[in-house]
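What follows is the content of start00.txt, which has compact mmCIF, C-alpha atoms:
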```
# COMPACT_ATOMS: atom_id res chain seq x y z
CA MET A 1 0.00 0.00 0.00
CA LEU A 2 1.04 3.57 -0.64
CA VAL A 3 0.79 6.32 1.97
CA ILE A 4 1.50 9.95 1.04
CA ASP A 5 1.18 12.88 3.44
CA LYS A 6 3.28 16.05 3.53
CA GLU A 7 3.03 16.27 7.32
CA ARG A 8 5.41 13.87 9.02
CA PRO A 9 3.25 13.31 12.15
CA SER A 10 0.24 12.43 9.98
CA LEU A 11 2.33 10.11 7.84
CA ILE A 12 3.64 8.29 10.91
CA ARG A 13 0.19 8.06 12.51
CA LEU A 14 -1.47 6.59 9.41
CA THR A 15 1.35 4.10 8.98
CA GLU A 16 1.01 3.03 12.61
CA ILE A 17 -2.76 2.60 12.24
CA LEU A 18 -2.29 0.39 9.18
CA LEU A 19 0.30 -1.69 11.03
CA GLU A 20 -2.13 -2.08 13.92
CA LEU A 21 -4.83 -3.28 11.54
CA SER A 22 -2.45 -5.84 10.06
CA PRO A 23 1.10 -6.34 11.41
CA ASP A 24 2.17 -7.98 8.13
CA SER A 25 1.18 -5.05 5.94
CA ASP A 26 3.62 -3.78 3.33
CA ILE A 27 3.54 0.03 3.36
CA ILE A 28 5.48 2.44 1.13
CA PRO A 29 5.43 5.98 2.62
CA PHE A 30 6.25 9.29 0.92
CA ARG A 31 5.92 12.95 1.88
CA SER A 32 5.65 14.54 -1.56
CA TYR A 33 4.67 14.13 -5.19
CA SER A 34 8.32 14.41 -6.25
CA GLU A 35 9.40 11.58 -3.92
CA PHE A 36 6.68 9.37 -5.39
CA MET A 37 7.73 10.21 -8.97
CA GLU A 38 11.32 9.17 -8.20
CA TYR A 39 10.12 5.76 -7.01
CA LYS A 40 10.89 3.24 -9.76
CA SER A 41 8.00 0.79 -9.36
CA LYS A 42 4.51 2.25 -9.46
CA SER A 43 2.65 -0.93 -10.39
CA GLY A 44 1.04 -3.51 -8.16
CA PHE A 45 -0.41 -1.21 -5.50
CA SER A 46 -3.70 -2.39 -4.01
CA ALA A 47 -4.54 0.76 -2.06
CA ALA A 48 -3.19 4.29 -1.64
CA PHE A 49 -3.94 6.88 1.04
CA ILE A 50 -3.17 10.25 -0.54
CA ASP A 51 -3.08 13.66 1.15
CA LEU A 52 -5.06 16.16 -0.95
CA ASP A 53 -3.09 19.06 0.52
CA LEU A 54 0.32 18.22 -0.96
CA SER A 55 2.43 21.34 -1.35
CA ASP A 56 4.53 20.51 -4.42
CA ASN A 57 1.69 19.12 -6.49
CA SER A 58 -1.92 18.14 -6.06
CA GLY A 59 -2.93 14.80 -4.60
CA ILE A 60 -5.42 14.47 -7.44
CA GLU A 61 -2.67 14.61 -10.08
CA LEU A 62 -0.66 12.07 -8.12
CA ALA A 63 -3.66 9.74 -7.97
CA LEU A 64 -4.20 10.00 -11.72
CA THR A 65 -0.52 9.21 -12.33
CA LEU A 66 -0.68 6.23 -9.97
CA LYS A 67 -3.74 4.82 -11.72
CA GLU A 68 -1.89 4.79 -15.03
CA HIS A 69 0.48 2.23 -13.50
CA SER A 70 -1.89 0.49 -11.06
CA PRO A 71 -5.34 0.72 -12.70
CA ARG A 72 -7.12 -1.20 -9.94
CA CYS A 73 -5.49 0.63 -7.07
CA ASN A 74 -8.04 1.79 -4.49
CA ILE A 75 -7.48 5.51 -3.95
CA ILE A 76 -8.48 6.90 -0.54
CA PHE A 77 -8.04 10.66 -0.28
CA VAL A 78 -7.21 12.22 3.07
CA SER A 79 -7.76 15.87 3.93
CA ALA A 80 -8.75 18.27 6.71
CA HIS A 81 -10.99 20.13 4.24
CA ASN A 82 -14.33 18.67 3.17
CA GLU A 83 -14.62 21.15 0.30
CA LEU A 84 -11.81 19.36 -1.54
CA ALA A 85 -13.76 16.10 -1.73
CA ALA A 86 -15.90 17.12 -4.73
CA ASP A 87 -12.90 17.89 -6.98
CA ALA A 88 -11.23 14.67 -5.87
CA PHE A 89 -13.93 12.48 -7.36
CA ARG A 90 -12.71 13.06 -10.91
CA ALA A 91 -10.00 10.54 -9.99
CA ARG A 92 -12.74 7.99 -9.18
CA PRO A 93 -11.44 7.27 -5.67
CA SER A 94 -12.56 4.47 -3.42
CA GLY A 95 -13.14 6.82 -0.50
CA PHE A 96 -12.41 10.00 1.43
CA VAL A 97 -11.22 10.34 5.04
CA LYS A 98 -11.38 13.64 6.91
CA LYS A 99 -8.65 14.56 9.36
CA PRO A 100 -8.48 13.94 12.24
CA TYR A 101 -9.41 10.29 11.73
CA THR A 102 -9.47 7.18 13.89
CA ALA A 103 -8.36 3.61 13.30
CA ASP A 104 -12.02 2.72 12.83
CA ASP A 105 -12.29 5.28 10.00
CA ILE A 106 -9.34 3.70 8.18
CA SER A 107 -10.60 0.18 8.79
CA ALA A 108 -14.01 1.14 7.37
CA GLU A 109 -12.37 2.33 4.14
CA LEU A 110 -10.44 -0.92 3.78
CA ASP A 111 -13.64 -2.89 4.28
CA ASP A 112 -15.46 -0.96 1.52
CA LEU A 113 -13.02 -0.67 -1.39
CA ARG A 114 -13.99 0.10 -4.98
CA TYR A 115 -11.89 -2.88 -6.10
CA PRO A 116 -12.13 -5.21 -3.10
CA PRO A 117 -9.33 -7.76 -2.85
CA GLU A 118 -9.33 -10.36 -0.17
CA ARG A 119 -8.01 -8.73 3.01
CA ASP A 120 -5.10 -11.20 3.12
CA GLU A 121 -4.24 -10.36 -0.48
CA LEU A 122 -4.07 -6.67 0.37
CA PHE A 123 -1.46 -7.23 3.06
CA SER A 124 0.35 -10.42 2.08
CA ARG A 125 1.61 -10.14 -1.50
CA LYS A 126 5.16 -11.06 -0.61
CA LEU A 127 7.80 -13.15 -2.30
CA ARG A 128 8.56 -16.33 -0.39
CA VAL A 129 12.31 -16.81 -0.41
CA ILE A 130 14.07 -20.02 0.62
CA THR A 131 17.78 -19.80 1.46
CA PHE A 132 18.15 -23.01 3.48
CA GLY A 133 19.48 -25.57 1.03
CA SER A 134 18.92 -24.42 -2.56
CA PHE A 135 17.92 -20.83 -3.28
CA LEU A 136 14.26 -20.63 -4.34
CA VAL A 137 11.87 -17.73 -4.92
CA TYR A 138 8.08 -18.20 -4.96
CA LYS A 139 5.42 -15.68 -5.95
CA ALA A 140 2.42 -15.00 -3.71
CA ASP A 141 0.38 -17.59 -5.64
CA GLY A 142 2.89 -20.31 -4.77
CA THR A 143 4.48 -20.62 -8.22
CA ILE A 144 8.20 -20.24 -8.87
CA LEU A 145 9.45 -16.81 -9.89
CA HIS A 146 11.56 -17.31 -13.01
CA PHE A 147 14.54 -15.16 -13.91
CA ARG A 148 15.55 -14.79 -17.55
CA ARG A 149 19.25 -14.88 -16.69
CA SER A 150 20.89 -17.06 -14.07
CA ALA A 151 23.24 -14.15 -13.30
CA SER A 152 20.23 -11.97 -12.46
CA ARG A 153 18.94 -14.68 -10.13
CA GLN A 154 22.35 -14.86 -8.45
CA ILE A 155 22.43 -11.08 -7.95
CA PHE A 156 18.99 -11.28 -6.33
CA ALA A 157 20.28 -14.04 -4.04
CA TYR A 158 23.23 -11.84 -3.09
CA LEU A 159 20.91 -8.94 -2.23
CA VAL A 160 18.83 -11.27 -0.05
CA ASP A 161 22.02 -12.44 1.67
CA GLN A 162 22.98 -8.80 2.36
CA CYS A 163 19.80 -8.38 4.45
CA GLY A 164 18.92 -4.91 3.18
CA TYR A 165 22.45 -3.48 3.19
CA PRO A 166 23.04 -1.32 0.07
CA VAL A 167 25.65 -2.66 -2.35
CA SER A 168 27.32 -1.27 -5.45
CA VAL A 169 28.04 -2.84 -8.83
CA LYS A 170 31.65 -3.11 -7.70
CA ASP A 171 30.59 -5.07 -4.59
CA ILE A 172 28.64 -7.47 -6.80
CA ALA A 173 31.62 -7.87 -9.15
CA GLN A 174 34.00 -8.70 -6.31
CA ASP A 175 31.76 -10.83 -4.09
CA VAL A 176 29.61 -12.66 -6.64
CA PHE A 177 31.63 -12.76 -9.86
CA GLU A 178 35.07 -12.71 -8.19
CA ASP A 179 36.39 -9.93 -10.43
CA SER A 180 38.77 -8.06 -8.14
CA GLU A 181 40.02 -5.81 -10.95
CA PHE A 182 36.47 -4.62 -11.80
CA SER A 183 36.96 -4.33 -15.53
CA ARG A 184 34.78 -2.09 -17.68
CA GLN A 185 33.29 -5.13 -19.41
CA THR A 186 32.36 -6.70 -16.06
CA SER A 187 30.69 -3.45 -15.03
CA LYS A 188 28.67 -3.39 -18.27
CA ASN A 189 27.65 -7.05 -17.91
CA ILE A 190 26.51 -6.65 -14.31
CA SER A 191 24.53 -3.51 -15.17
CA LYS A 192 22.82 -5.51 -17.91
CA TYR A 193 22.00 -8.35 -15.52
CA ILE A 194 20.61 -5.87 -13.00
CA GLY A 195 18.41 -4.42 -15.74
CA PHE A 196 17.05 -7.89 -16.55
CA LEU A 197 16.47 -8.51 -12.83
CA MET A 198 14.45 -5.31 -12.40
CA GLU A 199 12.40 -6.09 -15.52
CA ASP A 200 11.66 -9.62 -14.26
CA LEU A 201 10.49 -8.33 -10.89
CA GLU A 202 8.47 -5.49 -12.40
CA LYS A 203 6.73 -7.87 -14.79
CA GLU A 204 5.52 -10.01 -11.89
CA GLY A 205 4.42 -7.04 -9.77
CA TYR A 206 7.41 -7.10 -7.42
CA GLY A 207 9.40 -4.20 -8.80
CA ASP A 208 9.72 -2.72 -5.32
CA ALA A 209 11.40 -5.87 -3.95
CA VAL A 210 14.71 -4.28 -4.91
CA ILE A 211 15.45 -0.63 -4.14
CA ARG A 212 17.72 1.06 -6.67
CA GLN A 213 19.05 4.40 -5.47
CA ASN A 214 22.24 6.48 -5.65
CA ARG A 215 24.05 3.81 -7.70
CA THR A 216 23.37 1.16 -5.09
CA LEU A 217 20.97 -1.76 -4.80
CA GLN A 218 19.37 -3.22 -1.70
CA ILE A 219 16.67 -5.76 -0.97
CA ASN A 220 13.37 -4.47 0.38
CA LYS A 221 12.93 -6.88 3.29
CA ASN A 222 9.28 -5.82 3.70
CA ARG A 223 8.46 -7.51 0.38
CA LEU A 224 9.94 -10.87 1.39
CA ASN A 225 8.84 -13.76 3.55
CA CYS A 226 12.32 -15.22 3.99
CA ASP A 227 13.59 -18.09 6.17
CA LEU A 228 16.93 -16.31 6.68
CA TYR A 229 15.30 -13.21 8.13
CA ARG A 230 12.95 -15.19 10.37
CA ALA A 231 15.88 -17.24 11.69
CA LEU A 232 18.03 -14.18 12.38
CA ASP A 233 15.07 -12.65 14.21
CA GLY A 234 15.12 -15.66 16.52
CA ASP A 235 12.17 -17.67 15.23
CA VAL A 236 12.78 -21.05 16.88
CA GLU A 237 10.80 -23.15 14.39
CA THR A 238 12.70 -21.67 11.45
CA LEU A 239 16.04 -22.09 13.21
CA ASN A 240 15.26 -25.75 13.85
CA SER A 241 14.66 -26.28 10.12
CA PHE A 242 18.20 -25.16 9.26
CA ASN A 243 20.34 -28.18 8.35
CA ASN A 244 23.62 -26.27 7.93
CA GLU A 245 23.09 -25.87 4.19
CA TYR A 246 22.73 -22.29 2.95
CA MET A 247 22.26 -21.25 -0.69
CA ILE A 248 24.21 -24.27 -1.86
CA ASP A 249 23.84 -23.07 -5.47
CA TYR A 250 26.44 -20.35 -4.89
CA SER A 251 30.01 -20.76 -3.65
CA TRP A 252 30.23 -17.19 -2.30
CA ALA A 253 27.32 -17.88 0.09
CA GLU A 254 29.16 -20.58 2.05
CA MET A 255 31.21 -18.07 4.04
CA SER A 256 29.00 -14.99 3.78
CA GLU A 257 28.31 -12.98 6.91
CA SER A 258 24.70 -14.18 6.95
CA ALA A 259 25.79 -17.82 6.79
CA LEU A 260 28.24 -17.28 9.62
CA ARG A 261 25.59 -15.52 11.72
CA LEU A 262 23.21 -18.42 11.15
CA ARG A 263 25.73 -21.03 12.23
CA SER A 264 26.74 -19.01 15.30
CA MET A 265 23.18 -19.31 16.60
CA PHE A 266 23.58 -23.06 17.20
```
As structure tokens, how would this structure be written, given the file I've shared?
Amino acid sequence: MLVIDKERPSLIRLTEILLELSPDSDIIPFRSYSEFMEYKSKSGFSAAFIDLDLSDNSGIELALTLKEHSPRCNIIFVSAHNELAADAFRARPSGFVKKPYTADDISAELDDLRYPPERDELFSRKLRVITFGSFLVYKADGTILHFRRSASRQIFAYLVDQCGYPVSVKDIAQDVFEDSEFSRQTSKNISKYIGFLMEDLEKEGYGDAVIRQNRTLQINKNRLNCDLYRALDGDVETLNSFNNEYMIDYSWAEMSESALRLRSMF
């Protein structure tokens, strides 16, 4: 879900309310139209709470832009001014919430959406990632996510292993492809593989699973249901399922920091 509000306290409060309604919710927050426009993946949103009082551009224009990428996104406008509601309806929103609002107000909007998904679907569209044993990635429907290039799949595995830490193309060259000299050709090849990776994710509606910013890449842990992350968080059942095999497809994973952290927990 998308949450946009120019006022930081309001943005935090709405995010907290949504997390209270469902602890597993995946929320992408922004404070301005320009921040949203810089975000690479605008597809796959199920719902968006948009402040009508944005300073750098109107919430209505933002909603119309969003719907070009996510046609069935449920738009819920938020404002302290009732008089703005009439103009907002040209964007065909799902609803309107007047500030100040309560958790019950937000819950009521989620229960009466223009395009009603199942409540679990709204909050649980995550990639299921297996790192214990072979590396596997499943879509929310339980089918395997396929990567066009094996190198792109390996880069995704590396990002998962890095647990959200931002990495550069040079890091990938050295750690994954063992190119310590970082040749120009290696740089070009890795950039190409990253492009394929982003296209593969975007095509399946998971473009935001990888954050690409300031010449770095990092995994968006909020978009993953991953055994590694559950284990490192101390989930006993997940830890007990670890048989000392970690991403056996890739030699670099054997002695990665994540693998060492896992084994130190036993």
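With distances taken over only C-alpha atoms, A:Leu18 is the one residue among A:Leu54, A:Leu159, A:Leu18, A:Leu66 lying closest to A:Ser107.
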Query raised in the report: If you count only C-alpha atoms, which residues fall within 6 Å of A:Tyr246, apart from same-chain ones fewer than 2 positions away, as a PyMOL selection string?
Result: chain A and resi 131-133+248
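Ranking A:Ala63, A:Leu232, A:Ile4, A:Ile28 by their shortest atom-to-atom distance to A:Asn220, with only C-alpha atoms included, puts A:Ile28 first.
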Closest of A:Asn222, A:Gln154, A:Ser32, A:Thr143 to A:Met1, counting all atoms listed in the file, is A:Asn222
Handout entry: Option closest in space to A:Lys6, from A:Val78, A:Leu19, A:Ala48, A:Leu113 [counting only C-alpha atoms]
Key =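 The shortest atom-to-atom distance to A:Lys6 comes from A:Val78.
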